[in-house]
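S.K.: Just so it is clear, I am handing over query-v4.csv, which has CSV, C-alpha atoms and all ligand atoms.
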chain,number,residue,atom,x,y,z
A,1,MET,CA,96.7,0.4,6.6
A,2,THR,CA,93.0,0.1,7.2
A,3,ALA,CA,91.1,-0.9,10.3
A,4,ALA,CA,88.6,-2.9,8.4
A,5,VAL,CA,90.2,-6.3,8.4
A,6,LYS,CA,88.5,-9.1,6.5
A,7,SER,CA,90.3,-11.9,8.2
A,8,SER,CA,89.0,-15.4,7.7
A,9,PRO,CA,87.0,-16.7,10.6
A,10,ARG,CA,88.5,-19.6,12.6
A,11,ILE,CA,87.7,-23.2,11.6
A,12,THR,CA,84.8,-23.7,14.0
A,13,SER,CA,83.4,-20.4,12.8
A,14,GLN,CA,83.7,-21.5,9.2
A,15,LEU,CA,81.9,-24.8,10.0
A,16,VAL,CA,79.2,-22.8,11.7
A,17,ASN,CA,78.9,-20.5,8.7
A,18,GLY,CA,78.6,-23.6,6.5
A,19,ILE,CA,75.7,-24.9,8.6
A,20,LEU,CA,74.0,-21.6,8.6
A,21,ALA,CA,74.2,-21.3,4.8
A,22,ILE,CA,71.7,-24.2,4.6
A,23,LYS,CA,68.3,-22.5,5.1
A,24,PRO,CA,66.4,-25.3,6.9
A,25,LEU,CA,69.3,-25.6,9.3
A,26,ALA,CA,69.5,-21.9,9.8
A,27,ASP,CA,65.8,-21.8,10.5
A,28,LEU,CA,66.2,-24.6,13.0
A,29,ALA,CA,69.0,-22.8,14.8
A,30,LYS,CA,67.2,-19.5,15.0
A,31,ASN,CA,64.0,-21.1,16.4
A,32,ARG,CA,66.1,-23.0,18.9
A,33,ALA,CA,67.9,-19.9,19.9
A,34,ARG,CA,64.6,-18.1,20.4
A,35,ASN,CA,62.9,-20.8,22.4
A,36,MET,CA,66.0,-21.0,24.7
A,37,MET,CA,65.7,-17.3,25.3
A,38,ILE,CA,62.0,-17.4,26.1
A,39,LYS,CA,62.6,-20.3,28.5
A,40,ARG,CA,65.5,-18.6,30.2
A,41,ALA,CA,63.4,-15.4,30.6
A,42,GLU,CA,60.6,-17.3,32.3
A,43,SER,CA,63.1,-19.2,34.5
A,44,ILE,CA,64.4,-15.9,35.9
A,45,GLY,CA,60.9,-14.5,36.6
A,46,VAL,CA,60.6,-12.4,33.4
A,47,TYR,CA,57.2,-13.6,32.1
A,48,TRP,CA,57.8,-13.2,28.4
A,49,HIS,CA,54.3,-14.0,27.0
A,50,ASP,CA,52.4,-12.0,29.6
A,51,GLN,CA,54.6,-8.9,29.3
A,52,VAL,CA,54.7,-8.9,25.5
A,53,GLN,CA,50.9,-9.4,25.5
A,54,ALA,CA,50.4,-6.5,27.9
A,55,LEU,CA,52.5,-4.3,25.6
A,56,ARG,CA,50.7,-5.4,22.4
A,57,SER,CA,47.3,-4.5,24.0
A,58,ARG,CA,48.6,-1.5,25.9
A,59,SER,CA,47.1,-2.7,29.1
A,60,ASP,CA,48.8,-2.9,32.6
A,61,SER,CA,48.3,-6.6,32.7
A,62,ALA,CA,48.2,-9.4,30.2
A,63,SER,CA,44.8,-10.4,29.0
A,64,SER,CA,44.1,-14.1,29.0
A,65,GLN,CA,43.6,-14.0,25.3
A,66,VAL,CA,46.9,-14.3,23.4
A,67,SER,CA,46.9,-12.5,20.1
A,68,SER,CA,49.5,-11.5,17.6
A,69,GLN,CA,47.5,-8.3,16.9
A,70,VAL,CA,48.8,-5.0,18.2
A,71,SER,CA,46.6,-2.2,19.3
A,72,PRO,CA,45.8,0.1,16.4
A,73,GLN,CA,47.1,3.0,18.5
A,74,TRP,CA,50.6,1.7,18.0
A,75,GLU,CA,50.3,2.2,14.2
A,76,GLN,CA,49.0,5.8,14.8
A,77,GLU,CA,52.0,6.6,17.0
A,78,LEU,CA,54.4,5.0,14.7
A,79,ALA,CA,53.3,7.4,11.9
A,80,GLN,CA,54.3,10.3,14.2
A,81,VAL,CA,57.8,8.9,15.0
A,82,GLN,CA,58.6,7.7,11.5
A,83,SER,CA,60.6,9.8,9.1
A,84,ALA,CA,59.0,9.5,5.7
A,85,ASN,CA,62.2,10.4,3.7
A,86,LEU,CA,64.5,7.8,5.3
A,87,THR,CA,66.0,5.2,3.0
A,88,TYR,CA,67.1,2.2,4.9
A,89,PRO,CA,70.6,0.9,4.3
A,90,ASP,CA,70.5,-2.5,2.6
A,91,TYR,CA,72.4,-4.2,5.5
A,92,TYR,CA,69.5,-3.3,7.8
A,93,LEU,CA,66.8,-4.9,5.6
A,94,ARG,CA,67.3,-8.5,6.7
A,95,MET,CA,66.6,-11.0,9.4
A,96,PHE,CA,67.9,-10.2,12.8
A,97,HIS,CA,67.4,-12.0,16.1
A,98,ALA,CA,65.2,-14.6,14.5
A,99,TYR,CA,62.7,-12.1,13.2
A,100,GLU,CA,62.1,-12.4,9.5
A,101,ASP,CA,61.6,-8.6,9.1
A,102,GLY,CA,64.5,-7.9,11.4
A,103,ASN,CA,64.1,-4.8,13.5
A,104,LEU,CA,61.3,-3.4,11.3
A,105,SER,CA,58.5,-5.3,13.0
A,106,TRP,CA,56.1,-5.1,16.0
A,107,ASP,CA,57.1,-8.6,17.1
A,108,ALA,CA,60.7,-7.5,17.5
A,109,ALA,CA,59.8,-4.2,19.1
A,110,MET,CA,57.4,-5.8,21.7
A,111,GLU,CA,60.0,-8.4,22.7
A,112,VAL,CA,63.1,-6.2,23.0
A,113,GLU,CA,62.9,-5.6,26.7
A,114,VAL,CA,62.2,-9.1,27.8
A,115,ALA,CA,64.8,-10.4,25.4
A,116,ALA,CA,67.5,-8.1,26.8
A,117,HIS,CA,66.7,-9.4,30.3
A,118,ALA,CA,66.9,-13.0,29.2
A,119,VAL,CA,70.2,-12.5,27.3
A,120,HIS,CA,71.9,-10.5,30.0
A,121,ALA,CA,70.8,-12.9,32.7
A,122,ARG,CA,73.9,-14.9,31.7
A,123,VAL,CA,76.5,-12.2,31.7
A,124,TRP,CA,77.6,-13.1,35.2
A,125,PRO,CA,77.0,-16.7,36.4
A,126,ASP,CA,74.8,-15.5,39.3
A,127,SER,CA,73.2,-12.4,37.8
A,128,GLY,CA,69.7,-13.8,36.8
A,129,GLU,CA,67.1,-11.1,36.5
A,130,GLN,CA,69.6,-8.4,37.7
A,131,GLY,CA,72.0,-9.1,34.7
A,132,ASP,CA,70.6,-6.4,32.5
A,133,MET,CA,70.8,-3.8,35.2
A,134,ARG,CA,74.3,-4.9,36.2
A,135,LEU,CA,75.5,-4.7,32.6
A,136,ARG,CA,74.2,-1.1,32.3
A,137,GLN,CA,75.7,-0.2,35.7
A,138,SER,CA,79.1,-1.5,34.6
A,139,TYR,CA,79.0,0.8,31.6
A,140,GLN,CA,78.0,3.7,33.8
A,141,THR,CA,81.0,3.0,36.1
A,142,VAL,CA,83.4,3.2,33.2
A,143,LEU,CA,81.8,6.4,31.9
A,144,GLN,CA,82.1,8.0,35.3
A,145,GLU,CA,85.7,6.9,35.7
A,146,GLN,CA,86.8,8.2,32.3
A,147,ILE,CA,84.8,11.3,31.5
A,148,ASN,CA,85.6,14.0,33.9
A,149,THR,CA,83.0,16.6,33.0
A,150,ALA,CA,79.3,15.6,32.9
A,151,PRO,CA,78.1,15.9,29.2
A,152,GLN,CA,75.3,18.3,28.6
A,153,ASN,CA,74.2,17.0,25.2
A,154,ILE,CA,74.3,13.2,24.6
A,155,LEU,CA,73.4,11.2,21.5
A,156,ASP,CA,72.5,7.5,22.1
A,157,ILE,CA,73.0,5.8,18.7
A,158,GLY,CA,71.1,2.5,18.2
A,159,CYS,CA,68.9,3.5,21.2
A,160,SER,CA,66.2,0.8,20.4
A,161,VAL,CA,63.3,1.1,22.8
A,162,GLY,CA,65.2,3.5,25.1
A,163,MET,CA,66.7,1.2,27.7
A,164,SER,CA,70.2,2.5,27.1
A,165,THR,CA,68.9,6.1,26.8
A,166,PHE,CA,67.1,5.9,30.1
A,167,ALA,CA,70.2,4.5,31.8
A,168,LEU,CA,72.3,7.5,30.4
A,169,GLN,CA,69.6,9.8,31.7
A,170,ALA,CA,69.9,8.2,35.2
A,171,LEU,CA,73.7,8.8,35.1
A,172,TYR,CA,73.5,12.4,33.7
A,173,PRO,CA,70.1,13.7,34.9
A,174,GLN,CA,70.8,17.3,33.7
A,175,ALA,CA,71.7,16.3,30.1
A,176,GLN,CA,69.5,16.6,27.1
A,177,ILE,CA,69.6,13.3,25.4
A,178,THR,CA,68.6,12.3,21.9
A,179,GLY,CA,68.1,8.7,20.9
A,180,VAL,CA,68.6,7.7,17.3
A,181,ASP,CA,67.4,4.4,15.8
A,182,LEU,CA,66.6,3.0,12.3
A,183,SER,CA,63.5,1.2,13.6
A,184,PRO,CA,60.4,3.3,13.9
A,185,HIS,CA,58.7,0.4,15.8
A,186,PHE,CA,61.4,0.5,18.5
A,187,LEU,CA,61.2,4.3,18.7
A,188,THR,CA,57.4,4.2,19.1
A,189,ILE,CA,57.9,2.0,22.2
A,190,ALA,CA,60.6,4.4,23.4
A,191,GLN,CA,58.1,7.3,23.2
A,192,TYR,CA,55.4,5.2,25.0
A,193,ARG,CA,57.9,4.4,27.8
A,194,THR,CA,58.9,8.1,28.0
A,195,GLU,CA,55.2,9.1,28.5
A,196,GLN,CA,54.7,6.4,31.2
A,197,ARG,CA,57.8,7.7,33.0
A,198,GLU,CA,56.6,11.3,32.8
A,199,ARG,CA,53.4,10.2,34.4
A,200,GLY,CA,55.4,8.3,37.1
A,201,GLU,CA,53.8,5.0,36.1
A,202,ASP,CA,55.4,1.6,36.9
A,203,TYR,CA,55.6,-1.0,34.2
A,204,ALA,CA,56.6,-4.6,34.5
A,205,ILE,CA,59.9,-4.3,32.8
A,206,GLN,CA,61.2,-1.0,34.3
A,207,PRO,CA,64.2,0.3,32.4
A,208,SER,CA,67.3,-0.4,34.4
A,209,LEU,CA,68.3,2.2,36.9
A,210,ALA,CA,65.0,4.1,36.6
A,211,PRO,CA,64.8,7.2,38.7
A,212,SER,CA,61.9,7.6,41.2
A,213,PRO,CA,58.8,9.1,39.7
A,214,ASP,CA,59.6,12.4,41.6
A,215,GLN,CA,63.1,12.5,40.2
A,216,ALA,CA,61.8,11.6,36.7
A,217,ALA,CA,59.5,14.6,36.7
A,218,GLN,CA,62.6,16.9,37.1
A,219,ILE,CA,64.6,15.3,34.4
A,220,PRO,CA,64.4,16.4,30.7
A,221,SER,CA,62.8,13.6,28.7
A,222,PRO,CA,64.9,12.2,25.8
A,223,THR,CA,63.9,13.1,22.2
A,224,TRP,CA,63.7,10.3,19.6
A,225,LEU,CA,65.0,10.5,16.1
A,226,HIS,CA,64.3,8.1,13.3
A,227,ALA,CA,67.5,8.1,11.3
A,228,ALA,CA,70.6,6.1,10.4
A,229,ALA,CA,73.4,6.7,12.9
A,230,GLU,CA,75.8,7.2,10.0
A,231,ALA,CA,73.7,10.1,8.5
A,232,THR,CA,71.7,11.7,11.4
A,233,GLY,CA,71.2,15.1,9.7
A,234,LEU,CA,72.0,16.7,13.1
A,235,PRO,CA,74.2,19.8,13.2
A,236,ASP,CA,78.0,19.7,13.4
A,237,ALA,CA,79.5,19.9,16.9
A,238,SER,CA,76.2,19.6,18.8
A,239,PHE,CA,77.1,16.8,21.4
A,240,ASP,CA,79.5,16.2,24.2
A,241,LEU,CA,79.0,12.4,24.2
A,242,VAL,CA,78.0,10.0,21.6
A,243,SER,CA,77.2,6.6,23.2
A,244,ALA,CA,76.7,3.3,21.4
A,245,HIS,CA,75.5,0.6,23.7
A,246,LEU,CA,75.3,-2.8,22.0
A,247,LEU,CA,75.1,-1.3,18.5
A,248,PHE,CA,78.4,-2.2,16.8
A,249,HIS,CA,78.0,-6.0,16.8
A,250,GLU,CA,74.9,-5.4,14.6
A,251,LEU,CA,76.8,-3.6,11.9
A,252,PRO,CA,78.9,-4.5,8.8
A,253,GLN,CA,82.3,-2.9,8.9
A,254,SER,CA,81.4,-0.2,6.3
A,255,ALA,CA,78.5,1.0,8.5
A,256,ALA,CA,80.7,0.9,11.7
A,257,ILE,CA,83.3,3.2,10.0
A,258,GLY,CA,80.6,5.5,8.6
A,259,ILE,CA,79.1,5.9,12.1
A,260,LEU,CA,82.5,6.7,13.7
A,261,GLN,CA,83.0,9.5,11.1
A,262,GLU,CA,79.5,10.8,11.8
A,263,ALA,CA,80.1,10.7,15.6
A,264,ARG,CA,83.3,12.7,15.0
A,265,ARG,CA,81.4,15.4,13.1
A,266,LEU,CA,78.7,15.6,15.7
A,267,LEU,CA,81.1,16.0,18.7
A,268,ARG,CA,82.3,19.3,20.1
A,269,PRO,CA,86.0,19.8,20.9
A,270,GLY,CA,86.8,17.8,24.0
A,271,GLY,CA,83.8,15.5,23.4
A,272,HIS,CA,83.8,11.7,23.7
A,273,ILE,CA,82.6,8.6,21.9
A,274,ALA,CA,81.8,5.6,24.1
A,275,ILE,CA,81.2,2.2,22.6
A,276,MET,CA,80.0,-0.7,24.8
A,277,ASP,CA,79.7,-4.1,23.1
A,278,MET,CA,80.8,-7.7,23.0
A,279,ASN,CA,84.5,-8.1,23.6
A,280,PRO,CA,85.9,-10.2,20.7
A,281,ARG,CA,89.0,-10.9,22.8
A,282,SER,CA,87.0,-12.4,25.6
A,283,GLU,CA,87.8,-16.1,26.3
A,284,ILE,CA,84.1,-16.8,26.4
A,285,TYR,CA,83.8,-16.3,22.7
A,286,ALA,CA,87.1,-18.1,21.9
A,287,LYS,CA,86.0,-21.1,23.9
A,288,MET,CA,82.3,-21.1,23.0
A,289,PRO,CA,81.0,-24.6,22.0
A,290,PRO,CA,80.2,-24.8,18.3
A,291,TYR,CA,76.6,-25.6,19.1
A,292,ILE,CA,76.1,-22.4,21.1
A,293,LEU,CA,78.1,-20.3,18.5
A,294,THR,CA,75.8,-21.6,15.8
A,295,LEU,CA,72.7,-20.5,17.7
A,296,LEU,CA,74.3,-17.1,18.4
A,297,LYS,CA,75.3,-16.5,14.8
A,298,SER,CA,72.0,-17.6,13.5
A,299,THR,CA,70.5,-14.4,15.0
A,300,GLU,CA,73.5,-12.0,14.5
A,301,PRO,CA,74.3,-11.7,10.8
A,302,TYR,CA,77.3,-9.3,11.2
A,303,LEU,CA,79.1,-11.0,14.0
A,304,ASP,CA,82.1,-12.1,12.0
A,305,GLU,CA,82.6,-8.6,10.5
A,306,TYR,CA,82.4,-7.1,14.0
A,307,PHE,CA,84.9,-9.6,15.5
A,308,ALA,CA,87.3,-8.9,12.6
A,309,LEU,CA,87.2,-5.1,12.9
A,310,ASN,CA,90.1,-3.4,14.7
A,311,LEU,CA,87.8,-1.0,16.5
A,312,GLU,CA,90.5,1.0,18.3
A,313,GLU,CA,92.3,1.6,15.0
A,314,ALA,CA,89.1,2.6,13.2
A,315,ILE,CA,88.3,5.1,16.0
A,316,GLU,CA,91.7,6.7,15.6
A,317,GLN,CA,91.3,6.8,11.8
A,318,ALA,CA,88.0,8.6,12.3
A,319,GLY,CA,89.7,11.5,14.1
A,320,PHE,CA,89.8,10.5,17.7
A,321,GLN,CA,92.7,10.2,20.2
A,322,SER,CA,93.9,6.7,21.1
A,323,PRO,CA,91.0,5.1,22.9
A,324,THR,CA,90.9,3.4,26.3
A,325,VAL,CA,89.5,-0.1,26.6
A,326,ALA,CA,87.9,-1.4,29.8
A,327,CYS,CA,86.5,-4.9,30.3
A,328,ASN,CA,83.2,-4.0,32.1
A,329,THR,CA,81.9,-7.6,32.2
A,330,PRO,CA,83.5,-11.0,31.5
A,331,ARG,CA,82.3,-10.7,27.9
A,332,HIS,CA,81.9,-7.0,27.1
A,333,ARG,CA,84.2,-4.1,26.7
A,334,THR,CA,83.8,-0.3,26.7
A,335,VAL,CA,86.0,1.7,24.3
A,336,ILE,CA,86.1,5.4,25.0
A,337,ALA,CA,88.0,8.1,23.0
A,338,ARG,CA,88.2,11.8,23.0
A,339,VAL,CA,88.1,13.9,19.8
A,340,ARG,CA,91.5,14.8,18.4
A,401,LIG,C1,71.0,-4.5,20.2
A,401,LIG,S1,70.1,-3.0,19.9
A,401,LIG,C2,70.9,-2.0,21.1
A,401,LIG,C3,69.8,-1.5,22.1
A,401,LIG,C4,70.1,-0.5,23.1
A,401,LIG,N1,71.2,0.5,22.8
A,401,LIG,C5,70.4,-1.1,24.4
A,401,LIG,O1,71.4,-1.1,25.0
A,401,LIG,O2,69.4,-1.7,24.9
A,401,LIG,C6,70.8,-2.3,18.4
A,401,LIG,C7,69.9,-1.2,17.9
A,401,LIG,O3,70.7,-0.5,16.9
A,401,LIG,C8,69.7,-0.2,15.9
A,401,LIG,N2,70.5,0.1,14.6
A,401,LIG,C9,71.2,-0.8,13.9
A,401,LIG,N3,71.9,-0.2,12.9
A,401,LIG,C10,71.6,1.1,13.1
A,401,LIG,C11,72.0,2.3,12.3
A,401,LIG,N4,72.8,2.2,11.3
A,401,LIG,N5,71.6,3.5,12.7
A,401,LIG,C12,70.7,3.6,13.8
A,401,LIG,N6,70.3,2.5,14.5
A,401,LIG,C13,70.8,1.3,14.1
A,401,LIG,C14,68.8,-1.3,15.8
A,401,LIG,O4,67.6,-1.0,15.2
A,401,LIG,C15,68.7,-1.7,17.3
A,401,LIG,O5,67.6,-1.0,17.9
I'd like the structure from this file rewritten - as structure tokens, please.
M.R.:
Amino acid sequence: MTAAVKSSPRITSQLVNGILAIKPLADLAKNRARNMMIKRAESIGVYWHDQVQALRSRSDSASSQVSSQVSPQWEQELAQVQSANLTYPDYYLRMFHAYEDGNLSWDAAMEVEVAAHAVHARVWPDSGEQGDMRLRQSYQTVLQEQINTAPQNILDIGCSVGMSTFALQALYPQAQITGVDLSPHFLTIAQYRTEQRERGEDYAIQPSLAPSPDQAAQIPSPTWLHAAAEATGLPDASFDLVSAHLLFHELPQSAAIGILQEARRLLRPGGHIAIMDMNPRSEIYAKMPPYILTLLKSTEPYLDEYFALNLEEAIEQAGFQSPTVACNTPRHRTVIARVR
């Protein structure tokens, strides 16, 4: 029996898929989803345009001139982070989150932090601007409850611009953490944020659970690796914890299974994999109105595959013990397993 179940989506979902197969309707949905997110950000005090503009121009505050140009310094720094030999998997080379070039664009990279705050504002009905921090705290709580010995070497797969990596760093300040991502644009921002933190600088969107500047100076900075999480090129048995925070819903099933196998290879005896993501069994998704489901799916191409994957079974098949599953928010779950 295999964990990769290609079950047919329920009728509402099929209807939504039918709508999204028509390009003008799909474009309409993704633009609507994006505008809703920007509006929500501004309504909770996350000033999307100002913050993105400040990052584009690398200034502390937004200039009054709005421009889609990014500072040339970003391109120079990207060249340092980028691995020239990397071949991107086909599934990654497509539209994500309403960006035509998916995660391989400056637009996506500059907007990741504000978008996370907007999306997570809704996780709890009253969470607003605190939603992103509460979500990451809820994951930390599960890690603390279930992993008895603090990991010394941690791999954060799908680390993006480093928000999940910095949250792991706050929980395990002595650990050496490596963040892996396929987007060199995101990793360039992660490196920029690392340097700001090393200098003790504040920035408008502080990563959740940031240590004080004094603490930050004592903590080893993460290192960033431009690679696919299913083929990192890192040595066998070199980590105590592999963490995937909001990565798996962005993967086709074949990639998810490849990543579990790679995590098993990278973990030491007694090591853990921890996966925090949308909970397909949450009532919230089962009862989601078709209109909202359409908007969600218009920006998340692999959601059906993720929802159909039996993750617990796939984890066991990759060489782990039977995992624990904890619902850390009304719509997310954390799945943790120890190597077998
Ligand atoms: C939704 S973001 C998660 C961000 C981050 N972990 C957080 O919690 O804020 C998913 C990230 O996974 C990355 N990604 C997707 N597939 C990947 C793969 N096969 N290998 C490495 N990174 C991948 C994307 O580029 C993106 O940065």
S.K.: Using only C-alpha atoms for the distances, tell me which of A:Leu251, A:Ala244, A:Arg331, A:Thr324 is nearest to A:Met288.
M.R.: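 Between A:Leu251, A:Ala244, A:Arg331, A:Thr324, the residue approaching A:Met288 most closely is A:Arg331.
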S.K.: Would you mind reading off the distance between atom CA of A:Leu241 and atom CA of A:Ala216, one decimal, in Å?
M.R.: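 Rounded to one decimal, the two atoms are 21.3 Å apart.
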S.K.: With distances taken over only C-alpha atoms and all ligand atoms, which residue among A:Tyr306, A:Phe239, A:Phe248, A:Trp48 lies nearest ligand LIG 401 (chain A)?
M.R.: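 Closest to ligand LIG 401 (chain A), using only C-alpha atoms and all ligand atoms: A:Phe248.
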S.K.: Smallest atom-to-atom distance to ligand LIG 401 (chain A): which of A:Leu247, A:Ala217, A:Ile189, A:Ala115, using all atoms listed in the file?
M.R.: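 For ligand LIG 401 (chain A), the nearest of the candidates is A:Leu247.
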S.K.: Would you mind listing the residues within 6 Å of ligand LIG 401 (chain A), counting all atoms listed in the file, as JSON, numbers by chain?
M.R.: {"A": [103, 157, 158, 159, 160, 163, 164, 180, 181, 182, 183, 228, 229, 230, 245, 246, 247, 250]}
S.K.: Create the file for the chosen residues now, containing C-alpha atoms and written as an mmCIF file, in the frame of the given file.
M.R.:
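Now in selection_28.cif:
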data_model
loop_
_atom_site.group_PDB
_atom_site.id
_atom_site.type_symbol
_atom_site.label_atom_id
_atom_site.label_comp_id
_atom_site.auth_asym_id
_atom_site.auth_seq_id
_atom_site.Cartn_x
_atom_site.Cartn_y
_atom_site.Cartn_z
ATOM 1 C CA ASN A 103 64.100 -4.800 13.500
ATOM 2 C CA ILE A 157 73.000 5.800 18.700
ATOM 3 C CA GLY A 158 71.100 2.500 18.200
ATOM 4 C CA CYS A 159 68.900 3.500 21.200
ATOM 5 C CA SER A 160 66.200 0.800 20.400
ATOM 6 C CA MET A 163 66.700 1.200 27.700
ATOM 7 C CA SER A 164 70.200 2.500 27.100
ATOM 8 C CA VAL A 180 68.600 7.700 17.300
ATOM 9 C CA ASP A 181 67.400 4.400 15.800
ATOM 10 C CA LEU A 182 66.600 3.000 12.300
ATOM 11 C CA SER A 183 63.500 1.200 13.600
ATOM 12 C CA ALA A 228 70.600 6.100 10.400
ATOM 13 C CA ALA A 229 73.400 6.700 12.900
ATOM 14 C CA GLU A 230 75.800 7.200 10.000
ATOM 15 C CA HIS A 245 75.500 0.600 23.700
ATOM 16 C CA LEU A 246 75.300 -2.800 22.000
ATOM 17 C CA LEU A 247 75.100 -1.300 18.500
ATOM 18 C CA GLU A 250 74.900 -5.400 14.600
#
S.K.: Which residue is closest to A:Glu111? Choose from A:Lys297, A:His49, A:His249, A:Arg281 and count all atoms listed in the file.
M.R.: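 Of A:Lys297, A:His49, A:His249, A:Arg281, the one nearest A:Glu111 is A:His49, counting all atoms listed in the file.
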S.K.: Report, in Å to a single decimal, how far apart atom CA of A:Arg340 and atom CA of A:Gly270 are.
M.R.: 7.9 Å
S.K.: Taking a cut-off of 12 Å and counting all atoms listed in the file, can you build a table that, for each residue of stretch 78-144 of chain A near stretch 169-176 of chain A, reports the nearest atom pair and how far apart they are in Å (one decimal), sorted by chain then residue number, as CSV?
M.R.:
residue,atom,partner,partner_atom,distance
A:Arg136,CA,A:Leu171,CA,10.3
A:Gln137,CA,A:Leu171,CA,9.2
A:Ser138,CA,A:Leu171,CA,11.6
A:Tyr139,CA,A:Leu171,CA,10.2
A:Gln140,CA,A:Leu171,CA,6.8
A:Thr141,CA,A:Leu171,CA,9.4
A:Val142,CA,A:Leu171,CA,11.4
A:Leu143,CA,A:Leu171,CA,9.0
A:Gln144,CA,A:Leu171,CA,8.4
S.K.: A:Glu195, A:Glu283, A:Glu262, A:Glu201: which is nearest A:Ser221, counting all atoms listed in the file?
M.R.: A:Glu195
S.K.: What is the distance, in Å and to one decimal place, between atom CA of A:Glu316 and atom CA of A:Asp277?
M.R.: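 Atom CA of A:Asp277 lies at a distance of 17.8 Å from atom CA of A:Glu316.
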S.K.: Identify the residues around (73.8, 11.8, 25.9) within a radius of 7 Å, measuring from all atoms listed in the file in the coordinates stated by the file, and give them as number ranges by chain.
M.R.: A: 151, 153-156, 168, 175-178, 241-243
S.K.: Got time to write the residues from that selection, C-alpha atoms, as an mmCIF file, in the coordinates of the input?
M.R.:
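Written output follows (again05.cif):
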data_model
loop_
_atom_site.group_PDB
_atom_site.id
_atom_site.type_symbol
_atom_site.label_atom_id
_atom_site.label_comp_id
_atom_site.auth_asym_id
_atom_site.auth_seq_id
_atom_site.Cartn_x
_atom_site.Cartn_y
_atom_site.Cartn_z
ATOM 1 C CA PRO A 151 78.100 15.900 29.200
ATOM 2 C CA ASN A 153 74.200 17.000 25.200
ATOM 3 C CA ILE A 154 74.300 13.200 24.600
ATOM 4 C CA LEU A 155 73.400 11.200 21.500
ATOM 5 C CA ASP A 156 72.500 7.500 22.100
ATOM 6 C CA LEU A 168 72.300 7.500 30.400
ATOM 7 C CA ALA A 175 71.700 16.300 30.100
ATOM 8 C CA GLN A 176 69.500 16.600 27.100
ATOM 9 C CA ILE A 177 69.600 13.300 25.400
ATOM 10 C CA THR A 178 68.600 12.300 21.900
ATOM 11 C CA LEU A 241 79.000 12.400 24.200
ATOM 12 C CA VAL A 242 78.000 10.000 21.600
ATOM 13 C CA SER A 243 77.200 6.600 23.200
#
S.K.: Around the point (56.0, -18.1, 27.7), in the coordinates given by the file, pick out the residues reaching within 12 Å, counting all atoms listed in the file, and return them as a ChimeraX atom specification.
M.R.: /A:34-53,62,66,111,114-115
S.K.: So that all listed atoms of stretch 99-108 of chain A fit with 3 Å spare on each side, what axis-aligned box centre and edge lengths in Å, to one decimal, would you give as lines of an AutoDock Vina configuration file?
M.R.:
center_x = 60.3
center_y = -7.9
center_z = 13.3
size_x = 14.4
size_y = 15.0
size_z = 14.4
